[in-house]
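J.: Quick one: this structure, given as structure tokens, is what I'll be asking you about.
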Amino acid sequence: MASIKYNPNGQKGKITYNSDIVSGIIVLSLKETEGIELVPSKNKGIKVCFEKEGVFVDISVIAYYGYKVPELAFRIQQTIKQMVESMTKYRIAKVDVHITSVIFPSPKNETESVVEAADDAANA
């Protein structure tokens, strides 16, 4: 359980967030990022650590073939930072992104290619 002191308009009190809430926000931001999939595991490849300096996030994702890995990683970092900081008032200290594998397009067999070519010729 993580907590943050948030005092709008001089009110007294403390807002407490469960770490699962922050993980849920991270999952939401990853689902909005094109070109990746979540790692199929119990924690979805997400580790969140709350420290004095801010929130440290460690992400493992699967990339689709054809996307530039540095650009994907940067988009993931920016999206997580923006969404978590705007929804919880936590400060993101660091987001480490690990691309665990790449999903390549499935190769077409020769029969499908011949049928598709015939269909294309018939429609032309």
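Identifiers for the structure tokens are assigned positionally: chains receive A, B, ... in sequence, residues are indexed from 1 per chain, and ligands are indexed from 1 in the order shown.
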Find the spatial neighbours of Lys68 in chain A, counting only C-alpha atoms, within a cut-off of 12 Å - ignore same-chain residues fewer than 5 positions away - and output them as a ChimeraX atom specification.

T.: /A:34-36,63,73-75,99,102

J.: Just write the chosen residues, N, CA and C atoms, as a PDB file, in the first residue's frame.

T.:
```pdb
ATOM      1  N   GLU A  34       0.225   1.659 -29.277  1.00  0.00           N
ATOM      2  CA  GLU A  34       0.192   0.814 -30.474  1.00  0.00           C
ATOM      3  C   GLU A  34       1.548   0.149 -30.696  1.00  0.00           C
ATOM      4  N   GLY A  35       1.515  -1.120 -31.123  1.00  0.00           N
ATOM      5  CA  GLY A  35       2.731  -1.821 -31.484  1.00  0.00           C
ATOM      6  C   GLY A  35       3.277  -2.754 -30.422  1.00  0.00           C
ATOM      7  N   ILE A  36       2.548  -2.894 -29.304  1.00  0.00           N
ATOM      8  CA  ILE A  36       3.025  -3.778 -28.236  1.00  0.00           C
ATOM      9  C   ILE A  36       1.892  -4.639 -27.697  1.00  0.00           C
ATOM     10  N   ALA A  63       6.934  -6.631 -28.554  1.00  0.00           N
ATOM     11  CA  ALA A  63       6.770  -5.664 -29.645  1.00  0.00           C
ATOM     12  C   ALA A  63       6.334  -6.384 -30.919  1.00  0.00           C
ATOM     13  N   ALA A  73       9.729   2.347 -26.859  1.00  0.00           N
ATOM     14  CA  ALA A  73      10.119   2.504 -25.455  1.00  0.00           C
ATOM     15  C   ALA A  73       9.862   3.930 -24.977  1.00  0.00           C
ATOM     16  N   PHE A  74      10.189   4.914 -25.793  1.00  0.00           N
ATOM     17  CA  PHE A  74       9.963   6.307 -25.413  1.00  0.00           C
ATOM     18  C   PHE A  74       8.464   6.598 -25.249  1.00  0.00           C
ATOM     19  N   ARG A  75       7.642   6.098 -26.185  1.00  0.00           N
ATOM     20  CA  ARG A  75       6.189   6.305 -26.081  1.00  0.00           C
ATOM     21  C   ARG A  75       5.636   5.648 -24.824  1.00  0.00           C
ATOM     22  N   ILE A  99      11.959  -4.998 -23.857  1.00  0.00           N
ATOM     23  CA  ILE A  99      11.271  -5.674 -24.950  1.00  0.00           C
ATOM     24  C   ILE A  99      11.717  -7.134 -24.880  1.00  0.00           C
ATOM     25  N   VAL A 102       9.675 -10.293 -30.060  1.00  0.00           N
ATOM     26  CA  VAL A 102       9.041  -9.612 -31.191  1.00  0.00           C
ATOM     27  C   VAL A 102       8.056 -10.580 -31.832  1.00  0.00           C
TER      28      VAL A 102
END
```

J.: So which residues touch range 43-47 of chain A within 10 Å, counting only C-alpha atoms, skipping near sequence neighbours fewer than 5 positions away, as a list in words?

T.: Ser19, Asp20, Ser23, Gly24, Ile26, Val27, Glu37, Leu38, Phe56, Val57, Asp58, Ile59, Ser60, Val61, Ile62, Val95, Asp96, Val97, His98 and Thr100 of chain A

J.: Given only C-alpha atoms as the basis, pick out the residue of A:Tyr67, A:Pro40, A:Val55, A:Val48 nearest to Phe104 in chain A.

T.: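 Comparing A:Tyr67, A:Pro40, A:Val55, A:Val48 against Phe104 in chain A, the winner is A:Tyr67.
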
J.: Would you compute the distance between CA of Val22 in chain A and CA of Ser86 in chain A? Give it in Å to one decimal.

T.: 11.4 Å
